[in-house]
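Asks: One structure, pasted below without further comment.
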Amino acid sequence: MRNSQLSPQEAARELLIRRRARESLQDYANAIEIPGAPVSEDPDTEFFKPIETTMALHHRILLQKLEEVSGKPHGRLMVFMPPGSAKSSYASVVFPSEYLGSESDRRVILASYGDDLARKMGRRTRSIIKQKRYKQIWNAELTAESSAAQEFALTNGSEYMACGILSGITGNRAHGLIIDDPIKGREQANSETIRQKTYDAYKDDLLTRLIPGGWVVLIQTRWHEDDLAGRILPDNWSGESGKFLCKDGFEWEVLCIQARCEVENDPLGRKQGEYLWPEWFDRKHWSQFESSPTTWNALFQQRPSPLEGTLFKPDKIAIIDALPISGIKWARGWDLAATKDDGDWTAGPRMGLLPDGRVLISDMVRVQYGPDERDEALLNTAKRDGYETKISLPQDPGQAGKTQVAYLSKMLIGFTVVSSPESGDKLTRAEPFASQVNAGNVLMLRAGWNDALVDEMRTFPNGRYDDQIDGLSRAFTELVLPQKTQWVI
């Protein structure tokens, strides 16, 4: 219908809708038709049904946070919400269409776990830009050359690109990045290789595409404690919303909305125990997921915990407050890393074999140092242990591994140093020591490092870290099965 056919009241109302849409992202979202499910199974369809729901409180808060972060230099926002909460519809479809139209010459990159999902997001975003009211609001539309769903331009000079996070992005710069669902599902989340590739792609491909001062929005459900968000968040984060100084050195705004409120500072103002979006999700919907603690804690509560390990039973370890006086055979096994303040840990547990055959864990060195600081820590630890403690080092494959062991042995001259290549997988190497733990034959000296070690045992081999277990396996092997080690002179 042409504006000339509108009544004066209808025309005034339409002008008011457009004006408000230009002033507020929330009013803009109410002014357009938000695309939902595709009308057919054709993956390349250009037609979508309207979303089935109306805007709820958590959508309004999300839009407010998106508006704030995109207007802030170096803005950073993490959005955690349960599946089905329509977070992608508002954050990855509505928001970029508004951002591109509201000012000229803006560029946005959207990345997801795969090209197919990224293209689907692109099609939904483009379908908004094709709406008549969009042009009336922003005086912008698609250029004639914009035929690809994953890459298009507007007549105001703004540009959009969507891609799979592991596809590689070159030659494109952006004012903002939207990363929506960087991990496809449980299988990928449990793959250390995929998690590392995803993190590398984020750092090396996506962040390098940002213009200086560009913003980043990360939208996901928490599949794993070591997912992309987990590698950025501070280690002590436990489901809160707010601003946090994270491990990448940036301040991130975190919007964490749990299916069932379990925090005191809930963004929706819910009391603990209240559920999300009751006008849309009834209790029966949530109860079907609550019976699976792993799924519920991760996807719905945004606090993933690693799967409980089956190898170790650390409650069998007896805690003692003082070392036995004499007759102990000592070894310290090392698991080496070399990245400062990031990645794996260098771990060096000291273990003793008692005269009665029981095993004692008396000390744990656990640091994230670069090579020089790490080597200094090895030397200082050896001096503290004394000459009666044998030092067991891992030897990486190839000449580089031999060279490293030779260097460290020279540095540790005067001490008894042995080395050996790692044989078999981590689980196989840990089994002999785990059998002694589970039989109640292991003691541990009470100390501040106990809890981190017990946590690692409980989740091994599914937890994020296994460095302490690797070191213990090495020390145990040296004390009980020393015939497999190679002496370094």
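Residues in the structure tokens are numbered from 1 in each chain, the chains being A, B, ... in the order shown, and ligands are numbered from 1 in the order shown.
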For the structure I just gave you, how does DSSP split range 2-169 of chain A - specifically, which residues are alpha helix (DSSP H)? Reply as JSON, numbers by chain.

Replies: {"A": [8, 9, 10, 11, 12, 13, 14, 15, 16, 17, 18, 19, 20, 21, 22, 23, 25, 26, 27, 28, 29, 30, 31, 57, 58, 59, 60, 61, 62, 63, 64, 65, 66, 67, 68, 69, 70, 87, 88, 95, 96, 97, 98, 99, 100, 101, 102, 115, 116, 117, 118, 119, 120, 121, 122, 123, 124, 125, 126, 127, 128, 129, 132, 133, 134, 135, 136, 137, 138]}

Asks: Can you work out the spacing between CA of Val367 in chain A and CA of Trp334 in chain A in Å, to one decimal?

Replies: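 If I compute the distance from CA of Val367 in chain A to CA of Trp334 in chain A, I get 11.5 Å.
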
Asks: To test your reading of the structure, identify every residue in range 241-415 of chain A that backbone DSSP assigns to strand (DSSP E), and report it as number ranges by chain.

Replies: A: 242-245, 251-256, 318-320, 329-333, 346-353, 359-367, 389-394

Asks: Take the residues just selected and output them with N, CA and C atoms as a short mmCIF file (atom, residue, chain, number, x, y, z; two decimals), in the first residue's frame.

Replies:
```cif
data_model
loop_
_atom_site.label_atom_id
_atom_site.label_comp_id
_atom_site.auth_asym_id
_atom_site.auth_seq_id
_atom_site.Cartn_x
_atom_site.Cartn_y
_atom_site.Cartn_z
N GLY A 242 27.85 -9.40 34.37
CA GLY A 242 28.57 -8.19 34.76
C GLY A 242 29.81 -8.01 33.93
N LYS A 243 30.69 -7.14 34.40
CA LYS A 243 31.92 -6.84 33.69
C LYS A 243 33.08 -7.56 34.38
N PHE A 244 33.91 -8.20 33.57
CA PHE A 244 35.02 -8.99 34.10
C PHE A 244 36.28 -8.72 33.29
N LEU A 245 37.39 -8.52 34.01
CA LEU A 245 38.69 -8.47 33.35
C LEU A 245 39.09 -9.90 33.04
N GLU A 251 38.27 -6.10 29.12
CA GLU A 251 37.09 -6.15 29.98
C GLU A 251 35.91 -6.60 29.14
N TRP A 252 35.31 -7.72 29.51
CA TRP A 252 34.16 -8.26 28.81
C TRP A 252 32.90 -8.05 29.65
N GLU A 253 31.84 -7.62 28.99
CA GLU A 253 30.52 -7.64 29.59
C GLU A 253 29.95 -9.04 29.38
N VAL A 254 29.51 -9.68 30.44
CA VAL A 254 28.94 -11.02 30.35
C VAL A 254 27.45 -10.94 30.66
N LEU A 255 26.63 -11.40 29.73
CA LEU A 255 25.20 -11.52 29.95
C LEU A 255 24.88 -13.01 30.02
N CYS A 256 24.76 -13.50 31.23
CA CYS A 256 24.52 -14.93 31.45
C CYS A 256 23.12 -15.12 32.02
N ALA A 318 44.63 -40.73 51.69
CA ALA A 318 44.68 -40.31 53.08
C ALA A 318 45.52 -39.04 53.21
N ILE A 319 44.99 -38.01 53.87
CA ILE A 319 45.70 -36.75 54.06
C ILE A 319 46.46 -36.82 55.39
N ILE A 320 47.75 -36.48 55.35
CA ILE A 320 48.56 -36.47 56.56
C ILE A 320 49.09 -35.07 56.80
N LYS A 329 62.10 -43.26 49.57
CA LYS A 329 62.76 -43.13 48.28
C LYS A 329 62.00 -42.08 47.48
N TRP A 330 62.71 -41.01 47.03
CA TRP A 330 62.04 -39.86 46.44
C TRP A 330 62.27 -39.74 44.93
N ALA A 331 61.25 -39.25 44.23
CA ALA A 331 61.38 -38.91 42.81
C ALA A 331 60.43 -37.76 42.51
N ARG A 332 60.85 -36.89 41.63
CA ARG A 332 59.96 -35.81 41.16
C ARG A 332 59.81 -35.95 39.65
N GLY A 333 58.59 -36.16 39.21
CA GLY A 333 58.31 -36.28 37.78
C GLY A 333 57.78 -34.98 37.23
N THR A 346 53.18 -26.31 33.49
CA THR A 346 54.32 -27.13 33.86
C THR A 346 54.04 -27.65 35.28
N ALA A 347 54.02 -28.95 35.42
CA ALA A 347 53.70 -29.55 36.72
C ALA A 347 54.80 -30.51 37.13
N GLY A 348 55.19 -30.42 38.40
CA GLY A 348 56.24 -31.30 38.91
C GLY A 348 55.90 -31.80 40.30
N PRO A 349 55.21 -32.92 40.43
CA PRO A 349 54.92 -33.48 41.75
C PRO A 349 56.12 -34.25 42.31
N ARG A 350 56.29 -34.16 43.62
CA ARG A 350 57.31 -34.96 44.31
C ARG A 350 56.62 -36.12 45.00
N MET A 351 57.11 -37.31 44.73
CA MET A 351 56.48 -38.53 45.25
C MET A 351 57.51 -39.36 45.99
N GLY A 352 57.05 -39.98 47.09
CA GLY A 352 57.94 -40.84 47.85
C GLY A 352 57.38 -42.25 47.98
N LEU A 353 58.28 -43.22 47.92
CA LEU A 353 57.91 -44.62 48.14
C LEU A 353 58.30 -44.98 49.57
N VAL A 359 52.62 -45.09 48.82
CA VAL A 359 53.15 -43.96 48.06
C VAL A 359 52.69 -42.67 48.71
N LEU A 360 53.58 -41.68 48.75
CA LEU A 360 53.28 -40.39 49.36
C LEU A 360 53.48 -39.27 48.35
N ILE A 361 52.49 -38.38 48.20
CA ILE A 361 52.64 -37.15 47.39
C ILE A 361 52.92 -36.03 48.37
N SER A 362 54.13 -35.48 48.29
CA SER A 362 54.54 -34.51 49.32
C SER A 362 54.56 -33.07 48.82
N ASP A 363 54.57 -32.86 47.49
CA ASP A 363 54.71 -31.48 47.00
C ASP A 363 54.24 -31.43 45.55
N MET A 364 53.79 -30.23 45.13
CA MET A 364 53.39 -30.03 43.75
C MET A 364 53.86 -28.65 43.30
N VAL A 365 54.67 -28.61 42.27
CA VAL A 365 55.02 -27.35 41.61
C VAL A 365 54.14 -27.25 40.36
N ARG A 366 53.43 -26.16 40.20
CA ARG A 366 52.51 -26.01 39.06
C ARG A 366 52.53 -24.56 38.61
N VAL A 367 53.13 -24.30 37.45
CA VAL A 367 53.34 -22.93 37.00
C VAL A 367 53.06 -22.82 35.50
N THR A 389 66.58 -36.81 45.81
CA THR A 389 65.38 -36.89 44.97
C THR A 389 65.77 -37.05 43.52
N LYS A 390 65.36 -38.14 42.91
CA LYS A 390 65.62 -38.37 41.49
C LYS A 390 64.67 -37.50 40.66
N ILE A 391 65.16 -36.95 39.56
CA ILE A 391 64.38 -36.08 38.69
C ILE A 391 64.10 -36.82 37.38
N SER A 392 62.83 -36.95 37.03
CA SER A 392 62.45 -37.65 35.81
C SER A 392 61.82 -36.66 34.83
N LEU A 393 62.40 -36.57 33.64
CA LEU A 393 61.97 -35.62 32.61
C LEU A 393 61.40 -36.35 31.40
N PRO A 394 60.37 -35.79 30.76
CA PRO A 394 59.87 -36.37 29.51
C PRO A 394 60.78 -35.97 28.35
#
```

Asks: From the options A:Met81, A:Ala21, A:Met411, A:Leu210, which residue's atoms come nearest to Lys135 in chain A, counting only C-alpha atoms?

Replies: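 Of A:Met81, A:Ala21, A:Met411, A:Leu210, the one nearest Lys135 in chain A is A:Ala21, counting only C-alpha atoms.
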